[in-house]
$ cat input-v3.txt   # compact mmCIF, C-alpha atoms (C1' of nucleotides)
# COMPACT_ATOMS: atom_id res chain seq x y z
CA MET Z 265 -4.58 -14.12 -17.38
CA PRO Z 266 -7.38 -16.60 -16.60
CA PRO Z 267 -9.79 -18.16 -19.14
CA GLN Z 268 -12.48 -16.54 -21.30
CA ASN Z 269 -14.61 -13.53 -20.60
CA ASP Z 270 -18.18 -13.65 -21.88
CA ASN Z 271 -19.65 -10.56 -20.19
CA PRO Z 272 -17.16 -7.74 -20.38
CA GLU Z 273 -19.61 -4.83 -20.65
CA VAL Z 274 -19.12 -3.82 -17.00
CA SER Z 275 -15.85 -4.87 -15.49
CA LEU Z 276 -12.99 -3.82 -13.27
CA ASP Z 277 -11.25 -2.46 -16.35
CA THR Z 278 -13.60 0.51 -16.50
CA LEU Z 279 -12.73 1.63 -12.98
CA ILE Z 280 -10.12 4.33 -12.48
CA GLY Z 281 -9.44 3.05 -8.97
CA TYR Z 282 -8.46 -0.37 -10.29
CA ALA Z 283 -6.13 0.95 -12.98
CA LEU Z 284 -4.78 3.56 -10.58
CA ARG Z 285 -3.87 0.95 -7.99
CA LYS Z 286 -2.12 -1.30 -10.50
CA ALA Z 287 -0.17 1.60 -11.97
CA GLN Z 288 0.78 2.90 -8.53
CA LEU Z 289 2.05 -0.51 -7.43
CA LYS Z 290 4.15 -0.78 -10.57
CA VAL Z 291 5.68 2.70 -10.33
CA PHE Z 292 6.14 2.47 -6.56
CA GLN Z 293 7.82 -0.94 -6.73
CA HIS Z 294 10.23 0.35 -9.34
CA LEU Z 295 11.23 3.21 -7.06
CA VAL Z 296 11.54 0.86 -4.08
CA ASN Z 297 13.98 -1.25 -6.07
CA GLU Z 298 16.04 1.78 -7.08
CA LEU Z 299 16.16 3.25 -3.57
CA GLU Z 300 17.07 -0.15 -2.12
CA LYS Z 301 20.57 0.41 -3.48
CA PHE Z 302 20.79 3.38 -1.08
CA ASP Z 303 19.16 1.46 1.77
CA LEU Z 304 16.29 3.93 1.74
CA ARG Z 305 12.52 3.72 1.51
CA PRO Z 306 10.35 6.08 -0.58
CA ALA Z 307 9.05 7.78 2.58
CA GLN Z 308 12.62 8.54 3.64
CA PHE Z 309 13.37 10.06 0.25
CA SER Z 310 10.20 12.15 0.49
CA ALA Z 311 11.17 13.25 3.99
CA LEU Z 312 14.58 14.40 2.75
CA ALA Z 313 12.95 16.37 -0.07
CA ILE Z 314 10.38 18.00 2.20
CA ILE Z 315 12.96 18.95 4.83
CA ASP Z 316 15.14 20.37 2.07
CA GLN Z 317 12.30 22.55 0.84
CA ASN Z 318 11.16 23.51 4.34
CA PRO Z 319 14.26 23.70 6.52
CA GLY Z 320 13.49 24.02 10.21
CA LEU Z 321 10.01 22.53 10.06
CA VAL Z 322 8.99 20.54 13.13
CA GLN Z 323 8.07 16.86 13.20
CA ALA Z 324 4.34 17.43 13.37
CA ASP Z 325 4.58 19.47 10.16
CA LEU Z 326 6.59 16.77 8.42
CA ALA Z 327 4.15 14.09 9.54
CA ARG Z 328 1.29 16.10 8.05
CA ALA Z 329 3.21 16.67 4.81
CA LEU Z 330 3.98 12.96 4.49
CA ASP Z 331 0.42 12.08 5.52
CA ILE Z 332 1.63 9.72 8.23
CA GLU Z 333 1.13 9.65 11.99
CA PRO Z 334 3.83 11.23 14.24
CA PRO Z 335 4.87 7.89 15.79
CA GLN Z 336 5.79 6.56 12.33
CA LEU Z 337 8.20 9.44 11.95
CA VAL Z 338 10.38 8.43 14.89
CA PRO Z 339 12.22 5.42 13.42
CA LEU Z 340 12.34 7.17 10.04
CA LEU Z 341 14.13 10.21 11.47
CA ASN Z 342 16.29 8.04 13.73
CA LYS Z 343 17.56 6.31 10.60
CA LEU Z 344 18.24 9.59 8.78
CA GLU Z 345 20.02 10.99 11.84
CA ALA Z 346 22.04 7.80 12.38
CA ARG Z 347 23.24 8.12 8.79
CA ALA Z 348 23.98 11.81 9.34
CA LEU Z 349 21.67 12.86 6.52
CA ALA Z 350 19.42 15.02 8.70
CA VAL Z 351 19.46 16.50 12.18
CA ARG Z 352 16.92 17.33 14.90
CA VAL Z 353 17.65 20.71 16.49
CA ARG Z 354 15.89 21.90 19.64
CA CYS Z 355 13.65 24.87 18.89
CA LYS Z 356 14.53 28.02 20.82
CA PRO Z 357 11.00 29.34 21.31
CA ASP Z 358 9.45 25.95 22.18
CA LYS Z 359 11.86 23.50 23.72
CA ARG Z 360 9.46 20.59 23.26
CA ALA Z 361 9.82 20.71 19.48
CA TYR Z 362 12.64 19.88 17.10
CA GLY Z 363 13.50 21.79 13.94
CA LEU Z 364 14.55 19.50 11.11
CA PHE Z 365 17.46 20.24 8.78
CA LEU Z 366 19.49 18.37 6.19
CA SER Z 367 23.22 17.92 6.65
CA LYS Z 368 25.55 18.70 3.75
CA ALA Z 369 25.71 14.97 3.09
CA GLY Z 370 21.92 14.85 3.14
CA GLU Z 371 21.67 17.66 0.61
CA GLN Z 372 24.17 15.99 -1.64
CA LEU Z 373 22.52 12.58 -1.43
CA LEU Z 374 19.13 14.16 -2.07
CA LYS Z 375 20.46 15.64 -5.28
CA GLU Z 376 21.46 12.17 -6.44
CA LEU Z 377 18.16 10.66 -5.34
CA LYS Z 378 16.16 13.21 -7.30
CA VAL Z 379 17.87 12.05 -10.48
CA ILE Z 380 17.24 8.42 -9.54
CA ALA Z 381 13.58 9.15 -8.82
CA GLN Z 382 13.12 10.99 -12.11
CA GLN Z 383 14.70 8.12 -14.02
CA SER Z 384 12.60 5.59 -12.12
CA ASP Z 385 9.49 7.59 -12.97
CA GLU Z 386 10.33 7.50 -16.65
CA ALA Z 387 11.39 3.87 -16.69
CA SER Z 388 8.23 2.65 -14.98
CA THR Z 389 6.04 4.71 -17.34
CA ALA Z 390 8.06 3.86 -20.44
CA THR Z 391 4.90 3.10 -22.41
CA LEU Z 392 4.06 6.82 -22.27
CA ASP Z 393 5.72 9.59 -24.25
CA ASP Z 394 6.67 12.90 -22.65
CA ALA Z 395 3.43 14.62 -23.61
CA GLU Z 396 1.36 11.82 -22.12
CA ARG Z 397 3.46 11.88 -18.96
CA ALA Z 398 2.85 15.61 -18.56
CA GLN Z 399 -0.84 15.09 -19.20
CA LEU Z 400 -1.00 12.31 -16.60
CA LEU Z 401 0.81 14.41 -14.00
CA GLY Z 402 -1.66 17.23 -14.52
CA LEU Z 403 -4.67 14.93 -14.12
CA LEU Z 404 -3.27 13.32 -10.98
CA GLN Z 405 -2.51 16.70 -9.42
CA LYS Z 406 -6.04 17.78 -10.23
CA ILE Z 407 -7.39 14.76 -8.33
CA ASN Z 408 -5.14 15.60 -5.40
CA ARG Z 409 -6.44 19.16 -5.07
CA ASN Z 410 -9.79 18.90 -3.27
CA HIS Z 411 -9.06 17.36 0.09
CA ASP Z 412 -12.32 18.57 1.64
CA CYS Z 413 -14.32 15.64 0.30
CA LEU Z 414 -12.41 13.37 2.64
CA MET E 122 29.44 31.38 -13.41
CA PRO E 123 29.00 29.32 -10.27
CA PRO E 124 26.57 26.48 -11.08
CA GLN E 125 23.66 26.79 -8.72
CA ASN E 126 22.72 23.50 -7.12
CA ASP E 127 19.20 24.42 -6.18
CA ASN E 128 17.73 22.28 -8.97
CA PRO E 129 14.10 23.33 -8.88
CA GLU E 130 13.52 21.26 -11.99
CA VAL E 131 13.09 18.10 -9.98
CA SER E 132 10.99 18.32 -6.83
CA LEU E 133 8.46 15.86 -5.50
CA ASP E 134 5.71 17.74 -7.33
CA THR E 135 7.19 16.91 -10.71
CA LEU E 136 7.26 13.18 -10.01
CA ILE E 137 4.47 11.04 -11.40
CA GLY E 138 5.12 8.44 -8.71
CA TYR E 139 4.45 10.96 -5.95
CA ALA E 140 1.22 12.28 -7.45
CA LEU E 141 0.18 8.75 -8.38
CA ARG E 142 0.59 7.51 -4.82
CA LYS E 143 -1.37 10.39 -3.32
CA ALA E 144 -4.17 9.98 -5.84
CA GLN E 145 -4.29 6.24 -5.35
CA LEU E 146 -4.51 6.56 -1.56
CA LYS E 147 -7.36 9.03 -1.93
CA VAL E 148 -9.36 6.96 -4.42
CA PHE E 149 -8.65 3.69 -2.61
CA GLN E 150 -9.62 5.07 0.80
CA HIS E 151 -12.91 6.31 -0.62
CA LEU E 152 -13.70 2.83 -1.94
CA VAL E 153 -12.67 1.24 1.36
CA ASN E 154 -15.16 3.48 3.16
CA GLU E 155 -17.94 2.61 0.72
CA LEU E 156 -17.30 -1.15 0.84
CA GLU E 157 -17.09 -1.05 4.64
CA LYS E 158 -20.88 -0.76 4.66
CA PHE E 159 -20.94 -4.23 3.06
CA ASP E 160 -18.20 -5.56 5.36
CA LEU E 161 -15.98 -6.11 2.34
CA ARG E 162 -12.47 -5.10 1.33
CA PRO E 163 -11.49 -3.95 -2.18
CA ALA E 164 -9.65 -7.23 -2.83
CA GLN E 165 -12.83 -9.17 -2.03
CA PHE E 166 -14.82 -7.03 -4.45
CA SER E 167 -12.16 -7.59 -7.11
CA ALA E 168 -12.24 -11.33 -6.43
CA LEU E 169 -16.03 -11.40 -6.92
CA ALA E 170 -15.70 -9.52 -10.21
CA ILE E 171 -12.94 -11.76 -11.52
CA ILE E 172 -14.75 -14.97 -10.56
CA ASP E 173 -17.88 -13.62 -12.22
CA GLN E 174 -16.00 -13.00 -15.45
CA ASN E 175 -14.07 -16.27 -15.28
CA PRO E 176 -16.38 -18.84 -13.68
CA GLY E 177 -14.59 -22.05 -12.78
CA LEU E 178 -11.10 -20.58 -12.58
CA VAL E 179 -8.86 -22.17 -9.98
CA GLN E 180 -7.32 -20.41 -7.01
CA ALA E 181 -3.85 -20.12 -8.53
CA ASP E 182 -5.41 -18.25 -11.47
CA LEU E 183 -7.31 -15.91 -9.18
CA ALA E 184 -4.20 -15.21 -7.12
CA ARG E 185 -2.33 -14.29 -10.30
CA ALA E 186 -5.18 -12.06 -11.49
CA LEU E 187 -5.32 -10.26 -8.13
CA ASP E 188 -1.53 -10.12 -8.01
CA ILE E 189 -1.44 -11.64 -4.53
CA GLU E 190 0.14 -14.82 -3.16
CA PRO E 191 -1.99 -17.97 -2.90
CA PRO E 192 -1.90 -18.02 0.94
CA GLN E 193 -3.54 -14.58 1.02
CA LEU E 194 -6.44 -16.00 -0.94
CA VAL E 195 -7.44 -18.51 1.73
CA PRO E 196 -9.03 -16.23 4.34
CA LEU E 197 -10.47 -14.08 1.54
CA LEU E 198 -12.27 -17.03 -0.05
CA ASN E 199 -13.23 -18.44 3.36
CA LYS E 200 -15.04 -15.18 4.06
CA LEU E 201 -16.80 -15.18 0.69
CA GLU E 202 -17.84 -18.82 1.16
CA ALA E 203 -18.98 -18.24 4.76
CA ARG E 204 -21.22 -15.45 3.46
CA ALA E 205 -22.43 -17.73 0.66
CA LEU E 206 -21.28 -15.31 -2.03
CA ALA E 207 -18.92 -17.78 -3.73
CA VAL E 208 -18.20 -21.51 -3.69
CA ARG E 209 -15.19 -23.78 -4.12
CA VAL E 210 -16.02 -26.83 -6.22
CA ARG E 211 -13.66 -29.78 -6.58
CA CYS E 212 -12.35 -30.07 -10.11
CA LYS E 213 -13.21 -33.39 -11.78
CA PRO E 214 -10.02 -33.73 -13.84
CA ASP E 215 -7.64 -32.66 -11.03
CA LYS E 216 -8.96 -33.33 -7.55
CA ARG E 217 -6.30 -31.15 -5.94
CA ALA E 218 -7.78 -27.98 -7.42
CA TYR E 219 -10.99 -26.05 -6.77
CA GLY E 220 -13.08 -24.29 -9.38
CA LEU E 221 -14.49 -20.99 -8.16
CA PHE E 222 -18.04 -19.83 -8.85
CA LEU E 223 -20.35 -17.11 -7.59
CA SER E 224 -23.62 -18.00 -5.93
CA LYS E 225 -26.80 -16.27 -7.06
CA ALA E 226 -26.45 -14.04 -4.00
CA GLY E 227 -22.87 -13.31 -5.00
CA GLU E 228 -23.88 -12.34 -8.51
CA GLN E 229 -26.60 -10.08 -7.19
CA LEU E 230 -24.36 -8.42 -4.62
CA LEU E 231 -21.65 -7.93 -7.24
CA LYS E 232 -24.13 -6.08 -9.42
CA GLU E 233 -24.77 -3.68 -6.53
CA LEU E 234 -21.07 -3.33 -5.75
CA LYS E 235 -20.23 -2.39 -9.32
CA VAL E 236 -22.56 0.58 -9.02
CA ILE E 237 -21.04 1.52 -5.67
CA ALA E 238 -17.52 1.24 -7.11
CA GLN E 239 -18.40 3.34 -10.14
CA GLN E 240 -19.92 6.02 -7.91
CA SER E 241 -16.92 5.90 -5.57
CA ASP E 242 -14.63 6.33 -8.57
CA GLU E 243 -16.50 9.41 -9.69
CA ALA E 244 -16.84 10.90 -6.21
CA SER E 245 -13.14 10.56 -5.43
CA THR E 246 -12.18 12.08 -8.79
CA ALA E 247 -14.84 14.77 -8.67
CA THR E 248 -12.34 17.45 -9.73
CA LEU E 249 -12.19 15.78 -13.15
CA ASP E 250 -14.85 15.93 -15.85
CA ASP E 251 -15.87 12.84 -17.82
CA ALA E 252 -13.45 13.52 -20.65
CA GLU E 253 -10.54 13.90 -18.25
CA ARG E 254 -11.57 10.73 -16.43
CA ALA E 255 -11.58 8.80 -19.71
CA GLN E 256 -8.21 10.28 -20.61
CA LEU E 257 -6.77 9.32 -17.23
CA LEU E 258 -8.09 5.77 -17.51
CA GLY E 259 -6.45 5.41 -20.89
CA LEU E 260 -3.10 6.68 -19.64
CA LEU E 261 -3.17 4.41 -16.59
CA GLN E 262 -4.04 1.38 -18.70
CA LYS E 263 -1.19 2.25 -21.01
CA ILE E 264 1.19 2.22 -18.04
CA ASN E 265 -0.20 -1.13 -16.97
CA ARG E 266 0.49 -2.72 -20.34
CA ASN E 267 3.79 -4.50 -20.02
CA HIS E 268 5.59 -5.21 -23.24
CA ASP E 269 8.50 -7.12 -21.75
CA CYS E 270 6.48 -10.21 -20.88
CA LEU E 271 3.18 -11.09 -22.51
C1' DT D 8 -4.27 21.45 31.77
C1' DA D 9 -2.46 21.14 26.83
C1' DT D 10 1.06 19.95 23.49
C1' DT D 11 5.60 17.72 21.24
C1' DG D 12 7.75 13.89 20.62
C1' DT D 13 8.10 9.21 22.13
C1' DT D 14 6.94 4.37 23.60
C1' DA D 15 4.14 0.46 23.50
C1' DT D 16 0.80 -2.08 21.29
C1' DA D 17 -2.23 -3.99 17.93
C1' DC D 18 -4.14 -4.81 13.57
C1' DT D 19 -3.64 -5.31 8.69
C1' DC D 20 -1.14 -6.55 4.55
C1' DT D 21 2.34 -9.14 2.58
C1' DA D 22 5.87 -12.82 1.74
C1' DT D 23 7.94 -17.39 2.52
C1' DA D 24 8.62 -22.09 4.08
C1' DA D 25 6.55 -26.23 5.30
C1' DC D 26 2.62 -29.38 5.36
C1' DT D 27 -1.52 -32.36 3.05
C1' DA D 28 -3.47 -34.58 -0.52
C1' DT D 29 -3.51 -35.54 -4.85
C1' DA D 30 -1.03 -36.28 -9.43
C1' DT T 248 8.88 -36.16 -7.84
C1' DA T 249 5.88 -32.33 -8.58
C1' DT T 250 1.63 -29.45 -7.95
C1' DA T 251 -2.86 -27.14 -5.54
C1' DG T 252 -4.27 -25.56 -1.64
C1' DT T 253 -3.43 -24.78 3.16
C1' DT T 254 -1.05 -23.65 7.57
C1' DA T 255 2.14 -21.21 10.29
C1' DT T 256 4.94 -17.47 10.84
C1' DA T 257 7.48 -13.34 10.30
C1' DG T 258 8.08 -8.92 8.43
C1' DA T 259 6.53 -4.45 7.01
C1' DG T 260 3.10 -0.44 7.27
C1' DT T 261 -0.35 1.82 9.86
C1' DA T 262 -3.25 3.52 13.76
C1' DT T 263 -4.25 4.52 18.72
C1' DA T 264 -3.48 5.11 23.69
C1' DA T 265 -0.44 6.37 27.15
C1' DC T 266 3.81 8.54 28.86
C1' DA T 267 7.70 12.22 29.55
C1' DA T 268 9.23 16.87 29.16
C1' DT T 269 7.77 21.33 28.34
C1' DA T 270 4.38 25.00 27.75

$ encode --input "input-v3.txt" --output "structure tokens"
Amino acid sequence: MPPQNDNPEVSLDTLIGYALRKAQLKVFQHLVNELEKFDLRPAQFSALAIIDQNPGLVQADLARALDIEPPQLVPLLNKLEARALAVRVRCKPDKRAYGLFLSKAGEQLLKELKVIAQQSDEASTATLDDAERAQLLGLLQKINRNHDCL
Amino acid sequence: MPPQNDNPEVSLDTLIGYALRKAQLKVFQHLVNELEKFDLRPAQFSALAIIDQNPGLVQADLARALDIEPPQLVPLLNKLEARALAVRVRCKPDKRAYGLFLSKAGEQLLKELKVIAQQSDEASTATLDDAERAQLLGLLQKINRNHDCL
DNA sequence: TATTGTTATACTCTATAACTATA
DNA sequence: TATAGTTATAGAGTATAACAATA
């Protein structure tokens, strides 16, 4: 922390965006470190979870759910397929598209990863108690509701 | 009883990290759009605010405060100096280092930007009322307090 | 002609090693 | 020798246009 601060009445510390970014970097970095042991990135974990909850969805749907562009999905899914965690299956009605499914190994790994992610969440927010964590989750989800202002 | 492995207890929507990331992207993107009108990035705004509160700090201090590496600071400060918003001044005691100061124009622009940032904060969290916003800020700051290294 | 997934490309952000000039 | 700032560079993450196969 740099030297003194003689005019603190309006500062970065009153901005939600500033605190939000710092907190996100901290929590995200913790998860990155945990998932590194599985040679996975957070987006790959999220992809596994979304496929698990929406078996058969096509890549465009997954891209929208992850809020990334379709081209970014290609190496991500290649990696998951190469590790036999997920599969692309040609759609019967529309042979341009692929339905996405988890393999048994993918389902099993995902179960492990969910525990890891939950523990990472708690470890990186260890200054909060359970009630505060629940409160925070509710507030964040409330922010994430209205997407029409974007 | 066969133990069911569905595990709906832990999905992405129960993870603080997931909600935190989505909220941060939303709030950050809103600020990026607002600052774009001034041809500035959030890190440049933060740099202006930190220099303003800590006039004369050296670049290593600013890098630490912004949580970026010193090399990333070079083009950032070059831009601020080229626009005459901030200046690097050789330190008298240690001629290797530069003290950083805002120009009058920098101070004046910063005053404007603080209003913009505050409005951006409120606009991108418009689903929250003032009490919830204050609550959220407190929770985030609590996360950002690290007790393992002071 | 339009769409799904893919390739190629570029632009930003970030991280690290090496260089300069001072100490 | 060690440090402050800089340069050069490489690695991610992200965004867009263009292409192939299919509709």

$ closest_residue --input "input-v3.txt" --among "T:DT261, T:DT256, T:DT250, T:DT269" --to "DT27 (chain D)" --atoms "all atoms listed in the file"
T:DT250

$ residues_around --input "input-v3.txt" --residues "region 12-17 of chain D" --least-positions-apart "2" --cutoff "10 Å" --atoms "all atoms listed in the file" --output "JSON, numbers by chain"
{"Z": [323, 324, 334, 335, 337, 338, 360, 361, 362], "D": [10, 19], "T": [262, 263, 264, 265, 266, 267, 268]}

$ atom_distance --input "input-v3.txt" --atom1 "CA of Leu206 (chain E)" --atom2 "CA of Leu231 (chain E)"
9.0 Å

$ atom_distance --input "input-v3.txt" --atom1 "CA of Asp182 (chain E)" --atom2 "CA of Lys213 (chain E)"
17.0 Å

$ atom_distance --input "input-v3.txt" --atom1 "CA of Ser275 (chain Z)" --atom2 "CA of Arg142 (chain E)"
23.2 Å

$ residues_around --input "input-v3.txt" --residues "Ile171 (chain E)" --least-positions-apart "3" --cutoff "10 Å" --atoms "only C-alpha atoms (C1' of nucleotides)" --output "list in words"
Pro266, Asn269, Ser275 and Leu276 of chain Z; Gln165, Phe166, Ser167, Ala168, Gln174, Asn175, Pro176, Leu178, Asp182, Leu183, Ala186, Leu187, Leu221, Phe222 and Leu223 of chain E

$ residues_around --input "input-v3.txt" --residues "DA28 (chain D)" --least-positions-apart "6" --cutoff "10 Å" --atoms "all atoms listed in the file" --output "PyMOL selection string"
(chain E and resi 216-217) or (chain T and resi 251-252)

$ write_last_selection --input "input-v3.txt" --atoms "C-alpha atoms (C1' of nucleotides)" --output "short mmCIF file (atom, residue, chain, number, x, y, z; two decimals), keeping the file's coordinate frame"
data_model
loop_
_atom_site.label_atom_id
_atom_site.label_comp_id
_atom_site.auth_asym_id
_atom_site.auth_seq_id
_atom_site.Cartn_x
_atom_site.Cartn_y
_atom_site.Cartn_z
CA LYS E 216 -8.96 -33.33 -7.55
CA ARG E 217 -6.30 -31.15 -5.94
"C1'" DA T 251 -2.86 -27.14 -5.54
"C1'" DG T 252 -4.27 -25.56 -1.64
#

$ calpha_fit_rmsd --input "input-v3.txt" --fixed "chain E" --moving "chain Z"
4.4 Å

$ residues_around --input "input-v3.txt" --residues "DA22 (chain D)" --least-positions-apart "2" --cutoff "10 Å" --atoms "only C-alpha atoms (C1' of nucleotides)" --output "list in words"
Ile189, Glu190, Pro192 and Gln193 of chain E; DC20 and DA24 of chain D; DA257, DG258 and DA259 of chain T

$ decode --input "input-v3.txt" --residues "chain T" --atoms "C-alpha atoms (C1' of nucleotides)" --output "mmCIF file, in the first residue's frame"
data_model
loop_
_atom_site.group_PDB
_atom_site.id
_atom_site.type_symbol
_atom_site.label_atom_id
_atom_site.label_comp_id
_atom_site.auth_asym_id
_atom_site.auth_seq_id
_atom_site.Cartn_x
_atom_site.Cartn_y
_atom_site.Cartn_z
ATOM 1 C "C1'" DT T 248 25.935 -6.381 -6.659
ATOM 2 C "C1'" DA T 249 21.293 -4.764 -6.500
ATOM 3 C "C1'" DT T 250 17.255 -1.827 -7.836
ATOM 4 C "C1'" DA T 251 13.819 1.315 -10.947
ATOM 5 C "C1'" DG T 252 12.200 1.637 -15.065
ATOM 6 C "C1'" DT T 253 12.145 0.011 -19.727
ATOM 7 C "C1'" DT T 254 12.225 -3.120 -23.796
ATOM 8 C "C1'" DA T 255 11.188 -7.245 -26.139
ATOM 9 C "C1'" DT T 256 8.624 -11.182 -26.426
ATOM 10 C "C1'" DA T 257 5.511 -14.861 -25.701
ATOM 11 C "C1'" DG T 258 1.387 -16.677 -23.941
ATOM 12 C "C1'" DA T 259 -3.447 -16.539 -22.931
ATOM 13 C "C1'" DG T 260 -8.318 -14.700 -23.834
ATOM 14 C "C1'" DT T 261 -11.341 -12.544 -26.975
ATOM 15 C "C1'" DA T 262 -13.565 -10.868 -31.312
ATOM 16 C "C1'" DT T 263 -14.410 -10.861 -36.392
ATOM 17 C "C1'" DA T 264 -14.301 -12.374 -41.227
ATOM 18 C "C1'" DA T 265 -14.205 -16.056 -44.265
ATOM 19 C "C1'" DC T 266 -14.728 -20.963 -45.444
ATOM 20 C "C1'" DA T 267 -16.867 -25.903 -45.725
ATOM 21 C "C1'" DA T 268 -20.781 -28.843 -45.307
ATOM 22 C "C1'" DT T 269 -25.530 -28.868 -44.880
ATOM 23 C "C1'" DA T 270 -30.139 -26.847 -44.922
#
